[in-house]
Structures are given as structure tokens and as C-alpha cells.
Amino acid sequence: MSIDRRRLLTTAVLGGAGIVGASGLGSLAPEAAFAAPSVSDDALKALAGLPDPNFVEGVVTEISGTQLIVGPSSGGTDRIYVTHGTSIWKLHPASFDKIEVGDGLYSRGLRMPDGALAADAVWVNIVNIQAHVVSLSRNAIQLEHSGDRIVGHVIPGTSAVSYNSTPAVSDMSMLQVGQHVQVLGAWRPGTNEIDIATVYAHVHVH
Amino acid sequence: MIQWIASIQPFLVGALLLWAGAVKLRGLRAEHVSRNALSRIVGERYASPAWRLIGTAELVIAAALLLPPVYPVEAAAGVVLTTGFLGYLSYARLASPDAACGCLSSRLERISARSFLRAGLLLAMVGYAYGFAGTWWPEAVAEAPLGAASLVLAEVALLLGLSSELDRYWLVPLRKLKVRLSHPLANWSEHVPIEQTVNQLQLSEAYRMLGASISSDVQDSWDEGDWRIICYRIRRDDDQPATAVFAVPLHRDDPDAVRVAVVDETSGVPAGA
């Protein structure tokens with residue numbers, strides 16, 4: 001996103017003419033303006049027994065323009081339109097050019113008449129695993145997930161840990177060897193390595 | 001010398017089989033039955049009896065190896081048993097790669113290269129005893145007690161190192177100690193993870209008002225002084241694209257202070273401004 005756009009949005013929320021504080025929203029009546037989804041509920045519903053038409057998962061086989069060609073795990077291919085309104089997650093909020101051929105993704109959006117999915121959100125290489133901590137090193141956590149070894153890279157400024165379901169912090173020093181954890185992160189395709197977004201851990205507080 | 005080393009082996013193999021047999025005699029706990037490689041071979045119904053049967057065989061051979069007199073047939077039985085182990089491991093590795101070995105404990109440790117090395121080592125030890133052992137092991141120990149102790153310690157260490165079931169008794173504490181001494185993850189930054197900001201945002205009144213119409217995940221986020229700005233795409237009634245821009249306090253936890261602006265993407269001006 002360009003600096004100009006960021007400046008515009010910052011001004012909108014923090015200062016200048018367009019400032020709207022949470023308490024000042026009354027006159028804007030967002031409940032009235034935004035409460036109902038613009039798309040009819042029927043269009044958003046999946047039919048029983050059939051795959052959700054507004055959800056796509058698979059591996060990126062081709063990128064052309066702002067279109068992603070995806071080979072879903074279920075077979076066949078799918079097309080995903082990425083627009084300015086699409087959020088892209090690849091370890092953290094990212095831009096379209098960070099998506100590469102070979103990446104795995106999940107996408108949610110709305111099915112277009114031409115069969116393509118207009119994506120609201122794309123999550124690239126996202127994984128969510130239960131594992132236990134085998135060992136800790138300076139930049140990585142060695143994990144074991146049902147017998148398989150996984151290297152979890154600690155990315156400074158990104159990786160966080162949530163202890164006992166409290167808000168995430170960047171201090172990972174309370175993690176312990178042998179501990180069971182849940183790890184949300186971005187897979188490095190073709191490897192047994194992930195970049196850690198968030199570790200969820202339970203620790204005993206003395 | 002060769003004969004002396006060989007005479008010590010039945011003690012080690014016997015002690016290990018004694019342990020393995022005792023563990024197996026207790027049977028399989030229900031939650032371990034389905035994960036044990038043996039269940040895949042004999043069926044879950046017979047897994048526990050089969051486990052006990054093998055445990056009994058191990059105890060009998062252990063007793064024969066440990067107690068006098070020394071017959072070559074005892075070591076031969078050990079050779080047959082450990083060869084059987086190797087066969088079992090190979091079959092289990094091929095037939096159900098994710099199953100547990102269940103060799104020395106019912107813990108769910110997968111069959112690995114270490115399992116094979118340990119079974120191979122056992123076969124070598126008992127085979128060596130079959131070929132060269134002459135005297136009962138206490139007599140061999142009495143010949144050179146210090147040498148025997150060193151030999152036993154070395155072999156026990158080797159077997160321990162190859163037993164993933166026992167890692168928690170020595171390897172895990174060692175790793176814990178290393179972490180306690182080196183504090184590898186202590187150098188954390190003051191950086192506030194985005195997860196924390198989003199968490200605070202979701203508790204705010206501003207987010208609750210717009211939450212139902214948010215269609216995307218976090219689109220963009222940056223820090224502006226004491227604030228972190230987070231953008232979401234929202235879907236409006238009139239289908240005009242719009243962005244919800246939230247300003248969340250960066251270094252304090254105060255969801256009530258969260259501000260929001262809705263920016264109309266077609267005109268680029270805040271809606272309702």
C-alpha cells in the first residue's frame with residue numbers, strides 16, 4: 001500500500017476533517033448503514049453435502065495479472081481474483097506480489113458469474129499445528145508433531161506467543177522444552193519448516 | 001578377552017529383556033492399542049494378549065540368560081528373539097509407518113532409525129554371547145570387576161542413547177538445562193505483535209459496531225506514534241467498496257480508546273464526513 005494512501009487513512013482516523021471517534025459514530029449510524037450484509041444470505045450459504053462455493057483451497061500453479069490459478073486439493077482448478085479490497089496474509093498482512101507459484105492457500109470470497117472467486121481474504125501457506133517443544137535455540141523452536149520434526153523459525157518483530165490465552169506478546173522466554181503448544185504460522189513450501197506467527201502455550205504461573 | 005566380553009553380554013541382554021518383559025506383562029492401555037504396531041499385525045482384539053505373550057517369552061529368556069547354568073541354547077533363543085524384533089520392526093515400518101514400536105514401553109514413540117540400531121545392537125550382543133560365551137556372567141564379573149563395570153556402563157549408555165522411549169529421563173532434562181543456562185529466546189524485542197493489537201481491537205466498541213460488515217482479514221497495518229492503524233475492507237449496503245480504518249492504542253490496553261473511520265473507496269473521503 002502506498003505511503004500516500006496510508007497518510008490519507010491515518011488522517012481519516014486520527015485527525016483532520018474526517019475524524020470519527022468510536023463515541024462520535026452515533027451520527028454516522030453505522031448499525032443502520034452496515035449491519036446487513038450487502039449480499040443476500042442465500043448467496044453466502046453453502047448447500048448441504050457440497051463444498052462451500054465461496055471458499056477455495058489449493059496450490060498456486062500460475063499467477064497472471066491479479067488472477068491466481070489454483071489447483072485445489074480436491075482436483076480440478078480454480079481461479080481467484082485478487083482486488084484492492086482483498087486482504088492477503090503471508091505470515092503477516094502482505095501485498096499481492098508476495099504470493100508465489102507453489103504456495104498453498106485458503107481463500108474466502110464471493111463466486112462471480114464467470115466461476116472465479118472474487119477474494120475477500122487470502123491466507124497463504126497458513127498452518128495450525130499441535131506439537132510439543134523438543135528444544136529451543138536462538139532463532140528457532142524445534143517441534144515434534146505426531147512423530148515428525150518441524151523447525152519453527154522465530155521471526156523478530158512478527159513471532160508472538162500467547163500464554164494461557166492472554167493477549168500475545170513477543171517475549172517467548174517462558175516456553176519450555178517438553179511443553180505442548182499450538183502453533184499458527186506460515187509453511188515454507190517443500191520443507192519441514194515454518195515461520196512462526198503465534199504460539200499458544202499453557203504455562204504454570206508460580 | 002573375547003570370551004570374557006562375551007560372557008558379560010547375557011547379563012545386559014537379560015536385564016533389558018527383564019525390563020521389556022515386565023512392561024509388556026502389564027498389558028496395553030486402551031488408548032495405546034490402536035497406535036501400537038503389534039495391533040496392526042494381530043488385530044486390536046488380540047493386541048493385549050499378544051503383547052503379554054511376547055512379554056512372557058522375554059521374561060523366560062531373560063531368566064535363562066541371567067541364571068545358571070550357561071547353555072548355548074539360551075543365547076540361541078535370544079538370537080531368535082532379537083531377530084524376530086528386527087523382522088517385526090521392518091514389517092511395522094513398512095506396513096504402518098506411523099505406529100509405535102512398543103518395545104520398551106507402551107509410550108507412543110514412532111519406529112525410527114534408533115529403534116533399528118538398538119535391535120541390531122541387541123542381536124549383535126546376544127549373537128556374540130552365543131558364539132563365544134563360556135562362563136556364567138557373575139564369574140566373568142568377578143574376574144575383573146572394574147573392567148566389567150566400565151563395559152556394562154558403556155553398553156548401557158549406548159542402549160539408552162538408542163531408546164527414544166527413555167529420552168524423557170535424560171535427553172529432555174538435558175535440553176531443559178541447556179535452555180535454562182543459555183536463555184535462547186530471552187532477547188525479545190519491545191515490538192508489539194499485531195496479534196495483540198487485533199485482540200484489543202476486537203474487544204472495542206468500534207469493532208463491534210462494524211464487525212458484521214467486515215469482509216476481509218487485516219489488509220494493512222502500520223504504526224503512527226502511539227497508535228497502530230489497522231485496515232479492513234467492509235461490505236456496505238449499497239455495494240460501494242469501503243475501508244474501515246481503526247486506530248488502536250499501541251502501548252496500552254484500552255479498547256475504549258479505539259477510533260474508527262470508514263473511508264469510501266470510490267471518492268477517497270471518509271463516509272459521512
# chains A, B, ... in the order shown; residues from 1 in each chain; ligands from 1

call {"tool": "residues_around", "arguments": {"residues": "range 212-221 of chain B", "least_positions_apart": "5", "cutoff": "10 Å", "atoms": "only C-alpha atoms", "output": "number ranges by chain"}}
result
A: 1, 6, 30-31, 33-38, 84-89, 92-95, 108-109, 119-123; B: 194, 198, 207, 228-237, 242-247

call {"tool": "residues_around", "arguments": {"residues": "range 64-72 of chain A", "least_positions_apart": "3", "cutoff": "12 Å", "atoms": "only C-alpha atoms", "output": "PDB file with N, CA and C atoms, in the first residue's frame"}}
result
ATOM      1  N   PRO A  51     -19.302 -28.743  -1.454  1.00  0.00           N
ATOM      2  CA  PRO A  51     -18.271 -27.843  -0.938  1.00  0.00           C
ATOM      3  C   PRO A  51     -18.775 -26.395  -0.913  1.00  0.00           C
ATOM      4  N   PHE A  55     -15.418 -20.680  -0.923  1.00  0.00           N
ATOM      5  CA  PHE A  55     -14.156 -20.997  -0.278  1.00  0.00           C
ATOM      6  C   PHE A  55     -13.303 -21.831  -1.230  1.00  0.00           C
ATOM      7  N   VAL A  56     -12.036 -21.476  -1.331  1.00  0.00           N
ATOM      8  CA  VAL A  56     -11.138 -22.206  -2.220  1.00  0.00           C
ATOM      9  C   VAL A  56      -9.869 -22.557  -1.457  1.00  0.00           C
ATOM     10  N   GLU A  57      -9.389 -23.777  -1.629  1.00  0.00           N
ATOM     11  CA  GLU A  57      -8.075 -24.112  -1.089  1.00  0.00           C
ATOM     12  C   GLU A  57      -7.286 -24.832  -2.160  1.00  0.00           C
ATOM     13  N   GLY A  58      -5.983 -24.685  -2.128  1.00  0.00           N
ATOM     14  CA  GLY A  58      -5.178 -25.363  -3.124  1.00  0.00           C
ATOM     15  C   GLY A  58      -3.792 -24.766  -3.228  1.00  0.00           C
ATOM     16  N   VAL A  59      -3.108 -25.153  -4.300  1.00  0.00           N
ATOM     17  CA  VAL A  59      -1.743 -24.688  -4.513  1.00  0.00           C
ATOM     18  C   VAL A  59      -1.716 -23.785  -5.744  1.00  0.00           C
ATOM     19  N   VAL A  60      -1.023 -22.655  -5.627  1.00  0.00           N
ATOM     20  CA  VAL A  60      -0.939 -21.709  -6.739  1.00  0.00           C
ATOM     21  C   VAL A  60      -0.115 -22.326  -7.866  1.00  0.00           C
ATOM     22  N   THR A  61      -0.734 -22.491  -9.045  1.00  0.00           N
ATOM     23  CA  THR A  61       0.000 -23.068 -10.168  1.00  0.00           C
ATOM     24  C   THR A  61       0.398 -21.992 -11.178  1.00  0.00           C
ATOM     25  N   GLY A  75      -8.845 -31.634  -6.660  1.00  0.00           N
ATOM     26  CA  GLY A  75      -8.754 -31.892  -8.096  1.00  0.00           C
ATOM     27  C   GLY A  75      -9.367 -30.754  -8.883  1.00  0.00           C
ATOM     28  N   GLY A  76      -8.989 -30.631 -10.173  1.00  0.00           N
ATOM     29  CA  GLY A  76      -9.506 -29.518 -10.969  1.00  0.00           C
ATOM     30  C   GLY A  76      -8.760 -28.236 -10.630  1.00  0.00           C
ATOM     31  N   THR A  77      -9.168 -27.138 -11.261  1.00  0.00           N
ATOM     32  CA  THR A  77      -8.514 -25.868 -10.942  1.00  0.00           C
ATOM     33  C   THR A  77      -9.556 -24.821 -10.619  1.00  0.00           C
ATOM     34  N   ASP A  78      -9.096 -23.768 -10.005  1.00  0.00           N
ATOM     35  CA  ASP A  78      -9.965 -22.675  -9.613  1.00  0.00           C
ATOM     36  C   ASP A  78      -9.250 -21.368  -9.932  1.00  0.00           C
ATOM     37  N   ARG A  79     -10.046 -20.330 -10.216  1.00  0.00           N
ATOM     38  CA  ARG A  79      -9.450 -19.020 -10.432  1.00  0.00           C
ATOM     39  C   ARG A  79      -9.854 -18.086  -9.311  1.00  0.00           C
ATOM     40  N   ILE A  80      -8.904 -17.296  -8.853  1.00  0.00           N
ATOM     41  CA  ILE A  80      -9.183 -16.351  -7.772  1.00  0.00           C
ATOM     42  C   ILE A  80      -8.805 -14.958  -8.246  1.00  0.00           C
ATOM     43  N   TYR A  81      -9.763 -14.020  -8.174  1.00  0.00           N
ATOM     44  CA  TYR A  81      -9.458 -12.621  -8.457  1.00  0.00           C
ATOM     45  C   TYR A  81      -9.022 -11.945  -7.169  1.00  0.00           C
ATOM     46  N   VAL A  82      -7.868 -11.310  -7.226  1.00  0.00           N
ATOM     47  CA  VAL A  82      -7.429 -10.543  -6.080  1.00  0.00           C
ATOM     48  C   VAL A  82      -7.606  -9.066  -6.420  1.00  0.00           C
ATOM     49  N   THR A  83      -8.303  -8.342  -5.557  1.00  0.00           N
ATOM     50  CA  THR A  83      -8.561  -6.920  -5.828  1.00  0.00           C
ATOM     51  C   THR A  83      -7.880  -6.063  -4.759  1.00  0.00           C
ATOM     52  N   HIS A  84      -8.068  -4.745  -4.870  1.00  0.00           N
ATOM     53  CA  HIS A  84      -7.516  -3.856  -3.840  1.00  0.00           C
ATOM     54  C   HIS A  84      -8.167  -4.112  -2.495  1.00  0.00           C
ATOM     55  N   THR A  86      -8.901  -7.068  -1.308  1.00  0.00           N
ATOM     56  CA  THR A  86      -8.568  -8.379  -0.751  1.00  0.00           C
ATOM     57  C   THR A  86      -7.484  -8.251   0.320  1.00  0.00           C
ATOM     58  N   SER A  95       1.439  -7.931   0.632  1.00  0.00           N
ATOM     59  CA  SER A  95       0.939  -7.439  -0.647  1.00  0.00           C
ATOM     60  C   SER A  95       0.883  -8.582  -1.660  1.00  0.00           C
ATOM     61  N   PHE A  96       0.184  -8.350  -2.766  1.00  0.00           N
ATOM     62  CA  PHE A  96      -0.060  -9.391  -3.758  1.00  0.00           C
ATOM     63  C   PHE A  96       1.236  -9.991  -4.312  1.00  0.00           C
ATOM     64  N   ASP A  97       2.249  -9.140  -4.486  1.00  0.00           N
ATOM     65  CA  ASP A  97       3.489  -9.638  -5.112  1.00  0.00           C
ATOM     66  C   ASP A  97       4.258 -10.612  -4.219  1.00  0.00           C
ATOM     67  N   ILE A  99       2.882 -13.328  -3.117  1.00  0.00           N
ATOM     68  CA  ILE A  99       2.373 -14.669  -3.434  1.00  0.00           C
ATOM     69  C   ILE A  99       3.214 -15.273  -4.550  1.00  0.00           C
ATOM     70  N   GLU A 100       3.622 -16.538  -4.374  1.00  0.00           N
ATOM     71  CA  GLU A 100       4.463 -17.188  -5.376  1.00  0.00           C
ATOM     72  C   GLU A 100       3.807 -18.471  -5.859  1.00  0.00           C
ATOM     73  N   VAL A 101       4.209 -18.878  -7.065  1.00  0.00           N
ATOM     74  CA  VAL A 101       3.768 -20.172  -7.578  1.00  0.00           C
ATOM     75  C   VAL A 101       4.301 -21.257  -6.643  1.00  0.00           C
ATOM     76  N   GLY A 102       3.472 -22.210  -6.289  1.00  0.00           N
ATOM     77  CA  GLY A 102       3.880 -23.255  -5.349  1.00  0.00           C
ATOM     78  C   GLY A 102       3.377 -23.025  -3.942  1.00  0.00           C
ATOM     79  N   ASP A 103       2.903 -21.808  -3.677  1.00  0.00           N
ATOM     80  CA  ASP A 103       2.332 -21.527  -2.369  1.00  0.00           C
ATOM     81  C   ASP A 103       0.983 -22.227  -2.230  1.00  0.00           C
ATOM     82  N   GLY A 104       0.707 -22.659  -1.015  1.00  0.00           N
ATOM     83  CA  GLY A 104      -0.622 -23.199  -0.730  1.00  0.00           C
ATOM     84  C   GLY A 104      -1.475 -22.075  -0.185  1.00  0.00           C
ATOM     85  N   LEU A 105      -2.769 -22.113  -0.441  1.00  0.00           N
ATOM     86  CA  LEU A 105      -3.589 -21.031   0.107  1.00  0.00           C
ATOM     87  C   LEU A 105      -5.017 -21.447   0.412  1.00  0.00           C
ATOM     88  N   TYR A 106      -5.606 -20.696   1.290  1.00  0.00           N
ATOM     89  CA  TYR A 106      -7.045 -20.746   1.533  1.00  0.00           C
ATOM     90  C   TYR A 106      -7.580 -19.382   1.165  1.00  0.00           C
ATOM     91  N   SER A 107      -8.744 -19.356   0.516  1.00  0.00           N
ATOM     92  CA  SER A 107      -9.325 -18.070   0.172  1.00  0.00           C
ATOM     93  C   SER A 107     -10.835 -18.093   0.380  1.00  0.00           C
ATOM     94  N   ALA A 116     -15.142 -17.631 -11.295  1.00  0.00           N
ATOM     95  CA  ALA A 116     -13.976 -17.294 -10.488  1.00  0.00           C
ATOM     96  C   ALA A 116     -14.416 -16.810  -9.112  1.00  0.00           C
ATOM     97  N   LEU A 117     -13.491 -16.876  -8.166  1.00  0.00           N
ATOM     98  CA  LEU A 117     -13.793 -16.398  -6.826  1.00  0.00           C
ATOM     99  C   LEU A 117     -13.197 -14.999  -6.664  1.00  0.00           C
ATOM    100  N   ALA A 118     -14.055 -14.014  -6.380  1.00  0.00           N
ATOM    101  CA  ALA A 118     -13.543 -12.687  -6.040  1.00  0.00           C
ATOM    102  C   ALA A 118     -13.177 -12.728  -4.567  1.00  0.00           C
ATOM    103  N   ALA A 119     -11.882 -12.690  -4.293  1.00  0.00           N
ATOM    104  CA  ALA A 119     -11.427 -12.980  -2.934  1.00  0.00           C
ATOM    105  C   ALA A 119     -11.614 -11.797  -1.998  1.00  0.00           C
ATOM    106  N   VAL A 122      -7.237 -13.848   1.520  1.00  0.00           N
ATOM    107  CA  VAL A 122      -6.386 -14.952   1.083  1.00  0.00           C
ATOM    108  C   VAL A 122      -5.374 -15.213   2.196  1.00  0.00           C
ATOM    109  N   VAL A 124      -2.022 -17.350   2.859  1.00  0.00           N
ATOM    110  CA  VAL A 124      -1.026 -18.097   2.105  1.00  0.00           C
ATOM    111  C   VAL A 124      -0.165 -18.945   3.041  1.00  0.00           C
TER     112      VAL A 124
END

call {"tool": "residues_around", "arguments": {"residues": "Ala206 in chain B", "least_positions_apart": "3", "cutoff": "7 Å", "atoms": "only C-alpha atoms", "output": "list in words"}}
result
Ala22 of chain A; Met209, Leu210, Val258, Arg259 and Val260 of chain B

call {"tool": "write_last_selection", "arguments": {"atoms": "C-alpha atoms", "output": "tab-separated table (two decimals), in the first residue's frame"}}
result
chain	number	residue	atom	x	y	z
A	22	ALA	CA	-15.80	5.47	18.41
B	209	MET	CA	-20.34	-1.85	15.56
B	210	LEU	CA	-18.69	-2.67	12.24
B	258	VAL	CA	-10.07	2.64	19.75
B	259	ARG	CA	-11.10	5.01	16.97
B	260	VAL	CA	-12.53	4.17	13.61

call {"tool": "closest_residue", "arguments": {"among": "A:Val161, A:Ile63, A:Ile150, A:Leu50", "to": "chain B", "atoms": "only C-alpha atoms"}}
result
A:Val161

call {"tool": "select_by_dssp", "arguments": {"residues": "range 22-238 of chain B", "states": "strand (DSSP E)", "output": "PDB file with C-alpha atoms, in the first residue's frame"}}
result
ATOM      1  CA  ASP B 220      -2.705  -3.378   6.066  1.00  0.00           C
ATOM      2  CA  SER B 221      -1.296  -2.171   9.330  1.00  0.00           C
ATOM      3  CA  TRP B 222       1.296   0.394  10.357  1.00  0.00           C
ATOM      4  CA  ASP B 223       2.327   2.327  13.432  1.00  0.00           C
ATOM      5  CA  GLU B 224       1.680   6.033  13.816  1.00  0.00           C
ATOM      6  CA  TRP B 227      -1.307   4.315  17.596  1.00  0.00           C
ATOM      7  CA  ARG B 228      -1.384   1.277  15.412  1.00  0.00           C
ATOM      8  CA  ILE B 229      -3.548   1.673  12.327  1.00  0.00           C
ATOM      9  CA  ILE B 230      -5.341  -1.426  11.072  1.00  0.00           C
ATOM     10  CA  CYS B 231      -7.436  -1.554   7.889  1.00  0.00           C
ATOM     11  CA  TYR B 232     -10.233  -3.920   6.929  1.00  0.00           C
ATOM     12  CA  ARG B 233     -12.418  -3.979   3.843  1.00  0.00           C
ATOM     13  CA  ILE B 234     -16.091  -3.687   4.635  1.00  0.00           C
ATOM     14  CA  ARG B 235     -19.114  -4.568   2.580  1.00  0.00           C
TER      15      ARG B 235
END

call {"tool": "atom_distance", "arguments": {"atom1": "CA of Thr83 in chain B", "atom2": "CA of Val141 in chain B"}}
result
27.2 Å

call {"tool": "atom_distance", "arguments": {"atom1": "CA of Asn192 in chain A", "atom2": "CA of Asp167 in chain B"}}
result
22.3 Å

call {"tool": "residues_around", "arguments": {"residues": "Val154 in chain A", "least_positions_apart": "3", "cutoff": "7 Å", "atoms": "only C-alpha atoms", "output": "mmCIF file with C-alpha atoms, in the first residue's frame"}}
result
data_model
loop_
_atom_site.group_PDB
_atom_site.id
_atom_site.type_symbol
_atom_site.label_atom_id
_atom_site.label_comp_id
_atom_site.auth_asym_id
_atom_site.auth_seq_id
_atom_site.Cartn_x
_atom_site.Cartn_y
_atom_site.Cartn_z
ATOM 1 C CA ASN A 139 16.186 -18.297 16.283
ATOM 2 C CA ALA A 140 14.088 -21.408 16.212
ATOM 3 C CA SER A 159 6.502 -14.059 16.048
ATOM 4 C CA ASP A 195 7.782 -19.248 10.191
ATOM 5 C CA ILE A 196 6.004 -18.720 13.467
#

call {"tool": "residues_around", "arguments": {"residues": "range 172-181 of chain B", "least_positions_apart": "4", "cutoff": "8 Å", "atoms": "only C-alpha atoms", "output": "PDB file with N, CA and C atoms, in the first residue's frame"}}
result
ATOM      1  N   VAL A 134      10.518 -29.669  21.327  1.00  0.00           N
ATOM      2  CA  VAL A 134      11.637 -30.590  21.516  1.00  0.00           C
ATOM      3  C   VAL A 134      12.837 -29.840  22.070  1.00  0.00           C
ATOM      4  N   SER A 135      13.144 -28.719  21.463  1.00  0.00           N
ATOM      5  CA  SER A 135      14.230 -27.912  22.007  1.00  0.00           C
ATOM      6  C   SER A 135      14.103 -26.482  21.501  1.00  0.00           C
ATOM      7  N   LEU A 136      14.811 -25.598  22.176  1.00  0.00           N
ATOM      8  CA  LEU A 136      14.771 -24.183  21.815  1.00  0.00           C
ATOM      9  C   LEU A 136      16.174 -23.749  21.444  1.00  0.00           C
ATOM     10  N   SER A 137      16.267 -22.960  20.378  1.00  0.00           N
ATOM     11  CA  SER A 137      17.561 -22.366  20.072  1.00  0.00           C
ATOM     12  C   SER A 137      17.341 -20.883  19.829  1.00  0.00           C
ATOM     13  N   GLN A 176       8.827 -23.767  27.226  1.00  0.00           N
ATOM     14  CA  GLN A 176       9.667 -24.780  27.846  1.00  0.00           C
ATOM     15  C   GLN A 176       9.780 -26.030  26.995  1.00  0.00           C
ATOM     16  N   VAL A 177      10.924 -26.697  27.143  1.00  0.00           N
ATOM     17  CA  VAL A 177      11.129 -27.968  26.459  1.00  0.00           C
ATOM     18  C   VAL A 177      10.127 -28.980  26.998  1.00  0.00           C
ATOM     19  N   GLY A 178       9.522 -29.745  26.102  1.00  0.00           N
ATOM     20  CA  GLY A 178       8.573 -30.773  26.512  1.00  0.00           C
ATOM     21  C   GLY A 178       7.139 -30.295  26.554  1.00  0.00           C
TER      22      GLY A 178
ATOM     23  N   ASP B 167      14.054 -41.062  26.396  1.00  0.00           N
ATOM     24  CA  ASP B 167      14.597 -39.709  26.222  1.00  0.00           C
ATOM     25  C   ASP B 167      14.166 -38.765  27.338  1.00  0.00           C
ATOM     26  N   ARG B 168      12.926 -38.988  27.808  1.00  0.00           N
ATOM     27  CA  ARG B 168      12.413 -38.032  28.802  1.00  0.00           C
ATOM     28  C   ARG B 168      13.164 -38.109  30.115  1.00  0.00           C
TER      29      ARG B 168
END

call {"tool": "residues_around", "arguments": {"residues": "His202 in chain A", "least_positions_apart": "5", "cutoff": "9 Å", "atoms": "only C-alpha atoms", "output": "PyMOL selection string"}}
result
chain A and resi 162-165+175+179-181

call {"tool": "write_last_selection", "arguments": {"atoms": "N, CA and C atoms", "output": "CSV table (one decimal), in the first residue's frame"}}
result
chain,number,residue,atom,x,y,z
A,162,SER,N,1.1,-16.5,22.9
A,162,SER,CA,0.0,-16.2,23.8
A,162,SER,C,0.0,-17.2,25.0
A,163,TYR,N,0.3,-16.7,26.2
A,163,TYR,CA,0.4,-17.7,27.3
A,163,TYR,C,-1.0,-17.7,28.0
A,164,ASN,N,-1.5,-18.9,28.2
A,164,ASN,CA,-2.7,-19.1,28.9
A,164,ASN,C,-3.9,-18.2,28.3
A,165,SER,N,-3.9,-18.2,27.0
A,165,SER,CA,-5.0,-17.4,26.3
A,165,SER,C,-5.0,-15.9,26.6
A,175,LEU,N,8.5,-20.2,27.1
A,175,LEU,CA,8.3,-21.5,26.5
A,175,LEU,C,9.3,-22.5,27.1
A,179,GLN,N,7.0,-29.0,26.4
A,179,GLN,CA,5.6,-28.4,26.5
A,179,GLN,C,4.8,-28.6,25.3
A,180,HIS,N,3.5,-28.8,25.5
A,180,HIS,CA,2.6,-28.9,24.4
A,180,HIS,C,2.2,-27.5,23.9
A,181,VAL,N,2.2,-27.3,22.6
A,181,VAL,CA,1.8,-25.9,22.1
A,181,VAL,C,1.0,-26.1,20.9

call {"tool": "atom_distance", "arguments": {"atom1": "CA of Asp256 in chain B", "atom2": "CA of Arg7 in chain A"}}
result
23.6 Å

call {"tool": "closest_residue", "arguments": {"among": "A:Ala48, A:Val199, A:Val205, A:Ala12", "to": "chain B", "atoms": "only C-alpha atoms"}}
result
A:Ala12

call {"tool": "residues_around", "arguments": {"residues": "range 69-71 of chain B", "least_positions_apart": "2", "cutoff": "10 Å", "atoms": "only C-alpha atoms", "output": "NGL selection string"}}
result
:B and (7 or 10 or 64-67 or 73-76 or 130 or 133-137)

call {"tool": "closest_residue", "arguments": {"among": "A:Ser173, A:Ser2, A:Gln182, A:Thr198", "to": "His183 in chain B", "atoms": "only C-alpha atoms"}}
result
A:Ser173

call {"tool": "select_by_dssp", "arguments": {"residues": "range 85-223 of chain B", "states": "helix (DSSP H, G or I)", "output": "ChimeraX atom specification"}}
result
/B:85-95,113-132,137-143,145-161,164-182,194-202,205-213

call {"tool": "closest_residue", "arguments": {"among": "A:Val183, A:Gln142, A:Arg111, A:Leu14", "to": "Ala261 in chain B", "atoms": "only C-alpha atoms"}}
result
A:Leu14
